[in-house]
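Asker: Contents are JSON, C-alpha atoms and all ligand atoms; file name final_37.json:
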```
[["chain", "number", "residue", "atom", "x", "y", "z"],
["N", 7, "MET", "CA", -15.73, 18.67, -22.26],
["N", 8, "THR", "CA", -18.73, 16.38, -21.76],
["N", 9, "ARG", "CA", -20.47, 17.04, -18.45],
["N", 10, "PRO", "CA", -21.64, 13.64, -17.29],
["N", 11, "SER", "CA", -24.81, 13.41, -15.26],
["N", 12, "GLY", "CA", -26.13, 10.42, -13.35],
["N", 13, "THR", "CA", -25.32, 9.34, -9.82],
["N", 14, "LEU", "CA", -22.11, 8.36, -8.08],
["N", 15, "VAL", "CA", -22.20, 6.49, -4.80],
["N", 16, "PHE", "CA", -19.42, 6.85, -2.24],
["N", 17, "SER", "CA", -18.58, 4.15, 0.29],
["N", 18, "SER", "CA", -15.65, 4.19, 2.69],
["N", 19, "ALA", "CA", -15.41, 3.80, 6.43],
["N", 20, "PHE", "CA", -12.05, 5.62, 6.40],
["N", 21, "ASP", "CA", -12.50, 8.63, 4.11],
["N", 22, "ALA", "CA", -14.63, 11.74, 4.56],
["N", 23, "PHE", "CA", -17.63, 11.80, 2.23],
["N", 24, "ASP", "CA", -18.04, 15.62, 2.29],
["N", 25, "VAL", "CA", -14.44, 16.23, 1.26],
["N", 26, "TRP", "CA", -14.64, 13.77, -1.64],
["N", 27, "ARG", "CA", -18.06, 15.08, -2.72],
["N", 28, "ASP", "CA", -16.79, 18.66, -2.86],
["N", 29, "ALA", "CA", -13.57, 17.71, -4.66],
["N", 30, "LEU", "CA", -15.49, 15.73, -7.29],
["N", 31, "HIS", "CA", -18.22, 18.36, -7.71],
["N", 32, "ALA", "CA", -15.59, 20.88, -8.72],
["N", 33, "HIS", "CA", -14.95, 18.72, -11.82],
["N", 34, "LEU", "CA", -18.36, 17.11, -12.29],
["N", 35, "PRO", "CA", -20.98, 19.76, -11.43],
["N", 36, "ASP", "CA", -23.89, 17.83, -12.99],
["N", 37, "LEU", "CA", -23.22, 14.54, -11.24],
["N", 38, "ALA", "CA", -25.27, 13.61, -8.17],
["N", 39, "ILE", "CA", -22.86, 12.37, -5.50],
["N", 40, "VAL", "CA", -24.40, 10.45, -2.64],
["N", 41, "ASP", "CA", -23.16, 8.57, 0.37],
["N", 42, "ALA", "CA", -23.95, 4.85, 0.42],
["N", 43, "SER", "CA", -26.26, 5.39, 3.42],
["N", 44, "GLU", "CA", -28.52, 7.61, 1.25],
["N", 45, "VAL", "CA", -29.10, 5.11, -1.56],
["N", 46, "ALA", "CA", -32.72, 3.96, -1.71],
["N", 47, "ASP", "CA", -32.61, 2.40, -5.19],
["N", 48, "PRO", "CA", -29.31, 0.72, -6.22],
["N", 49, "ALA", "CA", -30.49, 0.76, -9.84],
["N", 50, "SER", "CA", -30.12, 4.56, -9.82],
["N", 51, "ILE", "CA", -26.33, 4.29, -9.38],
["N", 52, "HIS", "CA", -24.04, 4.72, -12.38],
["N", 53, "TYR", "CA", -20.62, 5.12, -10.76],
["N", 54, "ALA", "CA", -19.19, 3.79, -7.49],
["N", 55, "LEU", "CA", -16.22, 5.24, -5.63],
["N", 56, "ALA", "CA", -15.53, 2.73, -2.90],
["N", 57, "TRP", "CA", -12.97, 1.41, -0.43],
["N", 58, "LYS", "CA", -13.82, -1.98, 1.06],
["N", 59, "PRO", "CA", -17.60, -1.58, 0.73],
["N", 60, "PRO", "CA", -19.76, -4.04, 2.70],
["N", 61, "GLU", "CA", -20.60, -7.43, 1.18],
["N", 62, "GLY", "CA", -23.52, -7.24, -1.20],
["N", 63, "PHE", "CA", -22.88, -3.54, -1.86],
["N", 64, "PHE", "CA", -22.94, -3.96, -5.65],
["N", 65, "ASP", "CA", -25.98, -6.26, -5.67],
["N", 66, "LYS", "CA", -28.80, -4.74, -7.70],
["N", 67, "MET", "CA", -26.60, -1.97, -9.15],
["N", 68, "VAL", "CA", -27.79, -3.00, -12.56],
["N", 69, "ASN", "CA", -26.91, 0.32, -14.21],
["N", 70, "LEU", "CA", -23.38, 0.57, -12.88],
["N", 71, "ARG", "CA", -20.87, 1.73, -15.49],
["N", 72, "LEU", "CA", -17.66, 2.15, -13.52],
["N", 73, "ILE", "CA", -16.18, 1.10, -10.18],
["N", 74, "ILE", "CA", -13.39, 3.29, -8.87],
["N", 75, "ASN", "CA", -11.30, 1.73, -6.13],
["N", 76, "LEU", "CA", -10.61, 4.42, -3.57],
["N", 77, "GLY", "CA", -7.00, 3.38, -3.13],
["N", 78, "ALA", "CA", -4.06, 1.76, -4.84],
["N", 79, "GLY", "CA", -4.47, -1.92, -3.91],
["N", 80, "VAL", "CA", -7.47, -3.66, -5.44],
["N", 81, "ASP", "CA", -7.10, -7.07, -3.77],
["N", 82, "SER", "CA", -10.14, -6.59, -1.53],
["N", 83, "LEU", "CA", -12.25, -5.67, -4.58],
["N", 84, "VAL", "CA", -11.31, -8.11, -7.32],
["N", 85, "GLY", "CA", -12.24, -11.29, -5.46],
["N", 86, "ARG", "CA", -15.76, -10.18, -4.44],
["N", 87, "ARG", "CA", -18.75, -12.27, -5.41],
["N", 88, "ASP", "CA", -21.07, -9.28, -5.88],
["N", 89, "LEU", "CA", -19.04, -7.56, -8.63],
["N", 90, "PRO", "CA", -21.29, -6.91, -11.60],
["N", 91, "ALA", "CA", -19.90, -8.67, -14.69],
["N", 92, "GLY", "CA", -18.34, -6.50, -17.35],
["N", 93, "VAL", "CA", -18.20, -3.28, -15.32],
["N", 94, "PRO", "CA", -14.69, -1.81, -15.57],
["N", 95, "ILE", "CA", -12.72, -1.27, -12.36],
["N", 96, "THR", "CA", -10.13, 1.46, -12.04],
["N", 97, "ARG", "CA", -7.76, 2.36, -9.29],
["N", 98, "ILE", "CA", -6.25, 5.65, -8.26],
["N", 99, "THR", "CA", -2.67, 6.28, -9.30],
["N", 100, "ASP", "CA", -1.94, 9.60, -7.73],
["N", 101, "PRO", "CA", 1.56, 11.11, -7.54],
["N", 102, "GLN", "CA", 0.70, 12.64, -4.17],
["N", 103, "MET", "CA", -0.34, 9.26, -2.83],
["N", 104, "ALA", "CA", 2.98, 7.86, -4.07],
["N", 105, "ARG", "CA", 4.80, 10.74, -2.40],
["N", 106, "MET", "CA", 3.02, 10.15, 0.90],
["N", 107, "MET", "CA", 3.95, 6.46, 0.71],
["N", 108, "ALA", "CA", 7.57, 7.24, -0.16],
["N", 109, "GLY", "CA", 7.67, 9.55, 2.87],
["N", 110, "TYR", "CA", 6.50, 6.77, 5.17],
["N", 111, "VAL", "CA", 8.99, 4.28, 3.70],
["N", 112, "LEU", "CA", 11.79, 6.80, 4.06],
["N", 113, "PHE", "CA", 10.82, 7.50, 7.67],
["N", 114, "ALA", "CA", 10.70, 3.78, 8.51],
["N", 115, "THR", "CA", 13.96, 3.03, 6.70],
["N", 116, "LEU", "CA", 15.78, 5.90, 8.40],
["N", 117, "ARG", "CA", 14.35, 4.83, 11.73],
["N", 118, "HIS", "CA", 15.94, 1.41, 11.31],
["N", 119, "ALA", "CA", 19.10, 2.65, 9.60],
["N", 120, "ARG", "CA", 19.73, 5.20, 12.35],
["N", 121, "GLU", "CA", 18.79, 2.70, 15.06],
["N", 122, "ILE", "CA", 16.21, 5.03, 16.56],
["N", 123, "PRO", "CA", 14.45, 2.23, 18.52],
["N", 124, "PHE", "CA", 17.75, 1.55, 20.32],
["N", 125, "PHE", "CA", 17.99, 5.21, 21.36],
["N", 126, "GLU", "CA", 14.33, 5.33, 22.39],
["N", 127, "GLN", "CA", 14.91, 2.39, 24.69],
["N", 128, "ALA", "CA", 18.14, 3.90, 26.04],
["N", 129, "GLN", "CA", 16.32, 7.15, 26.75],
["N", 130, "ARG", "CA", 13.71, 5.28, 28.78],
["N", 131, "ARG", "CA", 16.55, 3.90, 30.88],
["N", 132, "GLY", "CA", 18.08, 7.38, 31.18],
["N", 133, "GLU", "CA", 21.20, 6.14, 29.42],
["N", 134, "TRP", "CA", 23.57, 8.06, 27.09],
["N", 135, "ALA", "CA", 24.14, 5.08, 24.79],
["N", 136, "TYR", "CA", 26.39, 6.19, 21.93],
["N", 137, "ARG", "CA", 26.34, 4.11, 18.75],
["N", 138, "HIS", "CA", 28.28, 5.40, 15.79],
["N", 139, "PRO", "CA", 25.98, 5.98, 12.80],
["N", 140, "ARG", "CA", 26.51, 3.91, 9.68],
["N", 141, "SER", "CA", 26.95, 5.62, 6.37],
["N", 142, "PRO", "CA", 23.84, 5.00, 4.23],
["N", 143, "GLU", "CA", 25.66, 3.41, 1.28],
["N", 144, "THR", "CA", 26.76, 0.57, 3.55],
["N", 145, "ILE", "CA", 23.11, -0.28, 4.18],
["N", 146, "ARG", "CA", 21.33, -2.36, 1.54],
["N", 147, "VAL", "CA", 17.62, -1.68, 1.28],
["N", 148, "ALA", "CA", 15.57, -4.03, -0.89],
["N", 149, "VAL", "CA", 12.22, -2.89, -2.20],
["N", 150, "LEU", "CA", 9.90, -5.72, -3.29],
["N", 151, "GLY", "CA", 7.43, -4.38, -5.83],
["N", 152, "LEU", "CA", 8.34, -1.64, -8.28],
["N", 153, "GLY", "CA", 4.93, -0.37, -9.32],
["N", 154, "GLU", "CA", 4.19, 3.35, -9.11],
["N", 155, "LEU", "CA", 4.49, 3.42, -5.32],
["N", 156, "GLY", "CA", 7.45, 1.05, -5.02],
["N", 157, "ALA", "CA", 9.44, 2.76, -7.77],
["N", 158, "LEU", "CA", 9.08, 6.20, -6.17],
["N", 159, "ALA", "CA", 10.03, 4.83, -2.74],
["N", 160, "ALA", "CA", 13.11, 3.13, -4.26],
["N", 161, "MET", "CA", 14.15, 6.42, -5.89],
["N", 162, "GLU", "CA", 13.74, 8.34, -2.64],
["N", 163, "LEU", "CA", 15.84, 5.78, -0.78],
["N", 164, "GLN", "CA", 18.49, 5.96, -3.46],
["N", 165, "ARG", "CA", 18.49, 9.76, -3.18],
["N", 166, "GLN", "CA", 19.24, 9.36, 0.52],
["N", 167, "GLY", "CA", 22.37, 7.42, -0.38],
["N", 168, "PHE", "CA", 21.26, 3.89, 0.53],
["N", 169, "THR", "CA", 22.33, 0.98, -1.66],
["N", 170, "VAL", "CA", 18.96, 0.11, -3.14],
["N", 171, "LEU", "CA", 17.91, -3.19, -4.66],
["N", 172, "GLY", "CA", 14.55, -3.56, -6.34],
["N", 173, "TRP", "CA", 12.60, -6.70, -7.14],
["N", 174, "SER", "CA", 9.58, -7.11, -9.35],
["N", 175, "ARG", "CA", 7.83, -9.78, -11.34],
["N", 176, "SER", "CA", 8.71, -8.31, -14.71],
["N", 177, "PRO", "CA", 11.94, -6.41, -15.46],
["N", 178, "ARG", "CA", 12.13, -2.72, -14.49],
["N", 179, "GLN", "CA", 14.84, -0.13, -14.81],
["N", 180, "ILE", "CA", 15.31, 2.62, -12.26],
["N", 181, "ASP", "CA", 18.40, 4.81, -12.27],
["N", 182, "GLY", "CA", 20.66, 4.02, -9.38],
["N", 183, "VAL", "CA", 18.63, 0.99, -8.28],
["N", 184, "GLN", "CA", 19.89, -2.53, -8.86],
["N", 185, "CYS", "CA", 16.78, -4.15, -10.29],
["N", 186, "PHE", "CA", 16.03, -7.88, -10.21],
["N", 187, "ALA", "CA", 13.07, -9.63, -11.79],
["N", 188, "GLY", "CA", 11.38, -12.99, -11.50],
["N", 189, "ILE", "CA", 10.85, -15.43, -8.68],
["N", 190, "GLU", "CA", 14.21, -17.11, -9.32],
["N", 191, "THR", "CA", 16.03, -13.95, -8.22],
["N", 192, "LEU", "CA", 14.03, -13.35, -5.04],
["N", 193, "ASP", "CA", 16.28, -15.32, -2.69],
["N", 194, "THR", "CA", 19.35, -13.41, -3.91],
["N", 195, "VAL", "CA", 17.62, -10.15, -3.10],
["N", 196, "LEU", "CA", 16.43, -11.32, 0.32],
["N", 197, "GLU", "CA", 19.89, -12.57, 1.26],
["N", 198, "GLN", "CA", 21.29, -9.06, 0.71],
["N", 199, "ALA", "CA", 18.55, -7.04, 2.40],
["N", 200, "ASP", "CA", 19.65, -5.26, 5.55],
["N", 201, "ILE", "CA", 16.25, -3.59, 5.34],
["N", 202, "LEU", "CA", 13.40, -5.20, 3.41],
["N", 203, "VAL", "CA", 10.53, -3.02, 2.22],
["N", 204, "VAL", "CA", 7.42, -4.90, 1.06],
["N", 205, "MET", "CA", 5.43, -2.98, -1.56],
["N", 206, "LEU", "CA", 3.94, -5.76, -3.69],
["N", 207, "PRO", "CA", 0.32, -6.05, -4.76],
["N", 208, "LEU", "CA", -1.56, -8.93, -3.15],
["N", 209, "THR", "CA", -2.49, -11.43, -5.86],
["N", 210, "THR", "CA", -2.84, -15.21, -6.03],
["N", 211, "ASP", "CA", 0.87, -15.31, -6.96],
["N", 212, "THR", "CA", 2.07, -13.14, -4.09],
["N", 213, "ARG", "CA", -0.16, -14.31, -1.22],
["N", 214, "GLY", "CA", 2.14, -15.86, 1.40],
["N", 215, "LEU", "CA", 5.21, -15.13, -0.76],
["N", 216, "LEU", "CA", 7.30, -14.24, 2.27],
["N", 217, "ASP", "CA", 6.99, -17.55, 4.07],
["N", 218, "ARG", "CA", 9.20, -18.82, 6.88],
["N", 219, "GLU", "CA", 11.82, -20.14, 4.49],
["N", 220, "ARG", "CA", 12.13, -16.91, 2.54],
["N", 221, "LEU", "CA", 12.06, -14.72, 5.65],
["N", 222, "SER", "CA", 14.85, -16.86, 7.10],
["N", 223, "ARG", "CA", 17.02, -15.91, 4.14],
["N", 224, "LEU", "CA", 17.22, -12.32, 5.38],
["N", 225, "PRO", "CA", 20.55, -11.54, 7.03],
["N", 226, "GLN", "CA", 20.57, -11.95, 10.82],
["N", 227, "GLY", "CA", 19.12, -8.79, 12.40],
["N", 228, "ALA", "CA", 17.58, -7.41, 9.20],
["N", 229, "ALA", "CA", 14.69, -4.97, 9.47],
["N", 230, "LEU", "CA", 11.33, -5.52, 7.81],
["N", 231, "ILE", "CA", 8.94, -2.82, 6.65],
["N", 232, "ASN", "CA", 5.53, -3.87, 5.32],
["N", 233, "VAL", "CA", 3.37, -1.15, 3.81],
["N", 234, "ALA", "CA", 1.60, -3.35, 1.26],
["N", 235, "ARG", "CA", -0.59, -6.16, 2.55],
["N", 236, "GLY", "CA", -0.29, -8.38, 5.61],
["N", 237, "ALA", "CA", -1.19, -11.54, 3.69],
["N", 238, "LEU", "CA", 2.02, -11.27, 1.63],
["N", 239, "VAL", "CA", 3.89, -12.40, 4.73],
["N", 240, "ASP", "CA", 3.48, -15.46, 6.97],
["N", 241, "GLN", "CA", 2.65, -13.45, 10.08],
["N", 242, "ALA", "CA", 3.25, -16.32, 12.54],
["N", 243, "ALA", "CA", 6.69, -17.00, 11.05],
["N", 244, "MET", "CA", 7.53, -13.29, 11.05],
["N", 245, "THR", "CA", 6.52, -13.06, 14.73],
["N", 246, "ASP", "CA", 8.73, -16.04, 15.62],
["N", 247, "LEU", "CA", 11.68, -14.60, 13.71],
["N", 248, "LEU", "CA", 11.21, -11.23, 15.41],
["N", 249, "ARG", "CA", 11.08, -12.93, 18.78],
["N", 250, "GLU", "CA", 14.30, -14.82, 18.04],
["N", 251, "GLY", "CA", 15.97, -11.64, 16.72],
["N", 252, "HIS", "CA", 16.60, -13.12, 13.28],
["N", 253, "ILE", "CA", 14.46, -10.25, 12.09],
["N", 254, "GLY", "CA", 15.90, -7.48, 14.24],
["N", 255, "SER", "CA", 13.01, -5.05, 14.00],
["N", 256, "ALA", "CA", 9.91, -4.30, 11.99],
["N", 257, "THR", "CA", 7.67, -1.43, 11.02],
["N", 258, "LEU", "CA", 4.28, -2.84, 10.15],
["N", 259, "ASP", "CA", 1.41, -0.87, 8.68],
["N", 260, "VAL", "CA", -0.60, -3.83, 7.40],
["N", 261, "PHE", "CA", -1.71, -7.18, 8.81],
["N", 262, "ALA", "CA", -3.36, -10.38, 7.62],
["N", 263, "GLN", "CA", -6.42, -9.45, 9.72],
["N", 264, "GLU", "CA", -7.20, -5.79, 10.30],
["N", 265, "PRO", "CA", -7.62, -4.39, 12.87],
["N", 266, "LEU", "CA", -4.84, -6.46, 14.42],
["N", 267, "ALA", "CA", -6.36, -8.40, 17.34],
["N", 268, "SER", "CA", -5.66, -6.79, 20.70],
["N", 269, "THR", "CA", -4.27, -10.13, 21.89],
["N", 270, "ASP", "CA", -1.71, -10.39, 19.07],
["N", 271, "PRO", "CA", 1.84, -10.78, 20.44],
["N", 272, "LEU", "CA", 3.16, -8.21, 17.95],
["N", 273, "TRP", "CA", 1.67, -5.36, 20.01],
["N", 274, "ALA", "CA", 3.93, -6.03, 22.97],
["N", 275, "MET", "CA", 7.18, -6.55, 21.07],
["N", 276, "GLU", "CA", 9.83, -3.90, 21.76],
["N", 277, "ASN", "CA", 11.29, -4.31, 18.27],
["N", 278, "VAL", "CA", 8.02, -3.71, 16.42],
["N", 279, "LEU", "CA", 6.37, -0.44, 15.45],
["N", 280, "ILE", "CA", 2.73, -0.79, 14.47],
["N", 281, "THR", "CA", 0.69, 1.77, 12.56],
["N", 282, "PRO", "CA", -2.96, 1.15, 11.62],
["N", 283, "HIS", "CA", -2.82, 0.93, 7.79],
["N", 284, "LEU", "CA", -2.24, 4.57, 6.96],
["N", 285, "ALA", "CA", 1.14, 4.69, 5.26],
["N", 286, "SER", "CA", -0.60, 6.36, 2.35],
["N", 287, "VAL", "CA", -4.15, 7.31, 1.52],
["N", 288, "ALA", "CA", -6.00, 8.61, -1.52],
["N", 289, "ILE", "CA", -5.96, 12.40, -1.50],
["N", 290, "PRO", "CA", -9.17, 14.09, -2.76],
["N", 291, "SER", "CA", -7.61, 17.30, -4.09],
["N", 292, "SER", "CA", -5.13, 15.45, -6.29],
["N", 293, "SER", "CA", -7.15, 12.35, -7.22],
["N", 294, "ALA", "CA", -10.49, 13.99, -8.08],
["N", 295, "ARG", "CA", -9.31, 15.06, -11.52],
["N", 296, "GLN", "CA", -8.38, 11.54, -12.70],
["N", 297, "ILE", "CA", -11.59, 10.11, -11.26],
["N", 298, "ALA", "CA", -13.56, 12.79, -13.10],
["N", 299, "ASP", "CA", -11.65, 12.15, -16.34],
["N", 300, "ASN", "CA", -12.51, 8.47, -16.13],
["N", 301, "ILE", "CA", -16.18, 9.20, -15.51],
["N", 302, "VAL", "CA", -16.17, 11.49, -18.55],
["N", 303, "ARG", "CA", -14.54, 8.77, -20.65],
["N", 304, "VAL", "CA", -17.00, 6.12, -19.58],
["N", 305, "SER", "CA", -19.95, 8.45, -20.12],
["N", 306, "ARG", "CA", -18.70, 8.89, -23.71],
["N", 307, "GLY", "CA", -18.45, 5.14, -24.17],
["N", 308, "GLU", "CA", -14.66, 5.10, -23.96],
["N", 309, "ALA", "CA", -12.50, 2.79, -21.83],
["N", 310, "PRO", "CA", -11.25, 4.33, -18.55],
["N", 311, "ALA", "CA", -7.57, 4.82, -17.78],
["N", 312, "ASN", "CA", -5.82, 2.81, -15.01],
["N", 313, "GLN", "CA", -8.11, -0.13, -15.52],
["N", 314, "VAL", "CA", -7.59, -3.13, -13.30],
["N", 315, "ASP", "CA", -7.41, -6.63, -14.73],
["N", 316, "PRO", "CA", -9.36, -8.73, -12.18],
["N", 317, "SER", "CA", -7.76, -11.95, -13.45],
["N", 318, "ARG", "CA", -4.26, -10.57, -12.81],
["N", 319, "GLY", "CA", -5.37, -9.04, -9.54],
["N", 320, "TYR", "CA", -3.92, -5.55, -10.09],
["I", 1, "LIG", "C1", -4.34, 1.22, -0.72],
["I", 1, "LIG", "C2", -4.16, 1.17, 0.72],
["I", 1, "LIG", "O1", -4.25, 0.19, -1.37],
["I", 1, "LIG", "O2", -4.46, 2.16, 1.41],
["I", 1, "LIG", "O3", -4.58, 2.31, -1.24],
["I", 1, "LIG", "O4", -3.72, 0.16, 1.24]]
```
Would it be possible to restate this file's structure as structure tokens?
Answerer:
Amino acid sequence: MTRPSGTLVFSSAFDAFDVWRDALHAHLPDLAIVDASEVADPASIHYALAWKPPEGFFDKMVNLRLIINLGAGVDSLVGRRDLPAGVPITRITDPQMARMMAGYVLFATLRHAREIPFFEQAQRRGEWAYRHPRSPETIRVAVLGLGELGALAAMELQRQGFTVLGWSRSPRQIDGVQCFAGIETLDTVLEQADILVVMLPLTTDTRGLLDRERLSRLPQGAALINVARGALVDQAAMTDLLREGHIGSATLDVFAQEPLASTDPLWAMENVLITPHLASVAIPSSSARQIADNIVRVSRGEAPANQVDPSRGY
């Protein structure tokens, strides 16, 4: 195998540089791997592994050959003004990342399906508040977005016995999941969703997709789980509907503005569970190989795998 040399720069405020450097070095021993804070000359950089790098990060990286998005969603990358023209962008598609996401979705779905918030509140009151559990097949869970992450989550939910509906832009087939495609079918899916799981990419087509009107189509008391992007949902409308109880409860990992402002009413709502955008993360031990393979390809003049189409937004 070719052993690419050159320099890779790492930039992420959320991931540990040392762990990524060591994982990548195991596959790319001749590559210099530096943290963004150590870069004196941007022209010396050939590869960038980055998650939400600061504005202007790519300026002057005139020898850049590949940008690797350190995550699944590329929305924060594709719209940047400092992206060097013609440099391919790839994203990580890691089965372990998908598994971690499916685990979070399963946890959140079971939490709503088994009415755990109700029991937590009863416990605080010191009350033995029996509610008979519902059998999972009587609960319809709709997953919006059937990419790698959404499809695995839908399969896990189906394995747990839920009645699973899936919705995507283009037709998909998943065993045991009732799949719908196209915007004209979205309302039908929403109207049936006892639990709605949002797993769509954020693109110009999907921004604000779940507006007040669409959210109001959910059955009274439905639960909402958003593990994708906050901007897919009209947050003010969602907050109102949660307050009124039309949306019965929500598990929210993502928000239109992150971190969520400390004054945001969502923090204080009894029917909302907030986690700070960590439903799934890129895992160095399992992702390093595909990153290395792509660097090898690019160093040989070949196209990388998992390339992102900036015009499509994913
Ligand atoms: C991702 C994320 O897109 O963490 O990977 O949100």
Asker: Quick one: residues within 10 Å of Tyr136 in chain N, all atoms listed in the file, excluding same-chain residues fewer than 3 positions away - as a list in words?
Answerer: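 What passes the distance filter is Phe124, Phe125, Ala128, Glu133 and Pro139 of chain N.
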Asker: What does the distance between CA of His283 in chain N and CA of Ala311 in chain N come to in Å, to one decimal place?
Answerer: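 CA of His283 in chain N sits 26.3 Å away from CA of Ala311 in chain N.
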Asker: Please identify all polymer residues within 8 Å of Val278 in chain N, counting all atoms listed in the file, omitting same-chain residues fewer than 5 positions from it, and present them as a list of chain:residue names.
Answerer: N:Ser255, N:Ala256, N:Thr257, N:Leu258, N:Leu272, N:Trp273
Asker: Need the neighbours of (-4.2, 12.6, -5.0): which residues are at most 9 Å away, counting all atoms listed in the file, as a list in words?
Answerer: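 Here is the list of nearby residues: Ile98, Thr99, Asp100, Pro101, Gln102, Met103, Ala104, Val287, Ala288, Ile289, Pro290, Ser291, Ser292, Ser293, Ala294, Arg295 and Gln296 of chain N.
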Asker: Which polymer residues have any atom within 6 Å of an atom of Ala159 in chain N, counting all atoms listed in the file, with same-chain residues fewer than 3 positions away left out, as number ranges by chain?
Answerer: N: 108, 156, 162
Asker: CA of Gln127 in chain N and CA of Glu276 in chain N are how many Å apart?
Answerer: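 Distance reported for this atom pair: 8.6 Å.
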Asker: Between N:Ala135, N:Leu14, N:Met244, N:Ala49, single out the one closest to Pro35 in chain N, counting all atoms listed in the file.
Answerer: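 Of N:Ala135, N:Leu14, N:Met244, N:Ala49, the one nearest Pro35 in chain N, counting all atoms listed in the file, is N:Leu14.
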Asker: Between CA of Gly109 in chain N and CA of Val149 in chain N, what distance in Å does the model show, to one decimal?
Answerer: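 Interatomic distance, CA of Gly109 in chain N to CA of Val149 in chain N: 14.2 Å.
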Asker: Need the shell around Asn232 in chain N: protein/DNA/RNA residues with any atom at most 10 Å away, counting only C-alpha atoms. Skip same-chain ones fewer than 6 positions apart. Format as number ranges by chain?
Answerer: N: 111, 114, 150, 202-206, 238-239, 256-261, 283, 285
Asker: Could you make a table, as CSV, of the residues of chain N that have an atom within 7 Å of an atom of ligand LIG 1 (chain I), each with its nearest atom pair and distance in Å to one decimal, counting only C-alpha atoms and all ligand atoms, in chain and number order?
Answerer:
```
residue,atom,partner,partner_atom,distance
N:Leu76,CA,I:LIG1,O3,6.8
N:Gly77,CA,I:LIG1,O3,3.3
N:Ala78,CA,I:LIG1,O3,3.7
N:Gly79,CA,I:LIG1,O1,3.3
N:Val80,CA,I:LIG1,O1,6.5
N:Ala234,CA,I:LIG1,O4,6.4
N:His283,CA,I:LIG1,O4,6.7
N:Leu284,CA,I:LIG1,O2,6.4
N:Ser286,CA,I:LIG1,O2,5.8
N:Val287,CA,I:LIG1,O2,5.2
N:Ala288,CA,I:LIG1,O3,6.5
```
Asker: Restricting the calculation to only C-alpha atoms, which member of N:Met275, N:Leu55, N:Leu89, N:Leu230 is positioned closest to Asp21 in chain N?
Answerer: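 Counting only C-alpha atoms, the residue closest to Asp21 in chain N is N:Leu55.
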Asker: Quick one: residues within 7 Å of Thr209 in chain N, all atoms listed in the file, excluding same-chain residues fewer than 3 positions away - as a list of chain:residue names?
Answerer: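 The filter keeps N:Asp81, N:Thr212, N:Arg213, N:Gly319.
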Asker: May I ask which of the residues N:Ala262, N:Ala242, N:Leu216, N:Val170 is the closest one to Ile189 in chain N, counting all atoms listed in the file?
Answerer: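 The answer is N:Leu216, which sits nearest to Ile189 in chain N.
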Asker: Counting all atoms listed in the file, I want the residues whose atoms come within 10 Å of (15.1, -9.5, -7.6) in the file frame, returned as a ChimeraX atom specification.
Answerer: /N:148-151,171-177,184-196
Asker: Pull C-alpha atoms from the residues just selected and write them as a short mmCIF file (atom, residue, chain, number, x, y, z; two decimals), in the coordinates of the input.
Answerer:
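Everything below was put into selection36.cif:
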```cif
data_model
loop_
_atom_site.label_atom_id
_atom_site.label_comp_id
_atom_site.auth_asym_id
_atom_site.auth_seq_id
_atom_site.Cartn_x
_atom_site.Cartn_y
_atom_site.Cartn_z
CA ALA N 148 15.57 -4.03 -0.89
CA VAL N 149 12.22 -2.89 -2.20
CA LEU N 150 9.90 -5.72 -3.29
CA GLY N 151 7.43 -4.38 -5.83
CA LEU N 171 17.91 -3.19 -4.66
CA GLY N 172 14.55 -3.56 -6.34
CA TRP N 173 12.60 -6.70 -7.14
CA SER N 174 9.58 -7.11 -9.35
CA ARG N 175 7.83 -9.78 -11.34
CA SER N 176 8.71 -8.31 -14.71
CA PRO N 177 11.94 -6.41 -15.46
CA GLN N 184 19.89 -2.53 -8.86
CA CYS N 185 16.78 -4.15 -10.29
CA PHE N 186 16.03 -7.88 -10.21
CA ALA N 187 13.07 -9.63 -11.79
CA GLY N 188 11.38 -12.99 -11.50
CA ILE N 189 10.85 -15.43 -8.68
CA GLU N 190 14.21 -17.11 -9.32
CA THR N 191 16.03 -13.95 -8.22
CA LEU N 192 14.03 -13.35 -5.04
CA ASP N 193 16.28 -15.32 -2.69
CA THR N 194 19.35 -13.41 -3.91
CA VAL N 195 17.62 -10.15 -3.10
CA LEU N 196 16.43 -11.32 0.32
#
```
Asker: When you count all atoms listed in the file, which of these residues is closest to Pro282 in chain N: N:Phe20, N:Ala91, N:Gly254, N:Pro142?
Answerer: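 Selected residue with least distance to Pro282 in chain N: N:Phe20.
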Asker: Nearest to Pro207 in chain N: which of N:Ile180, N:Leu72, N:Leu152, N:Ile231 is it, counting only C-alpha atoms?
Answerer: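 Of the candidates, the smallest distance to Pro207 in chain N is held by N:Leu152.
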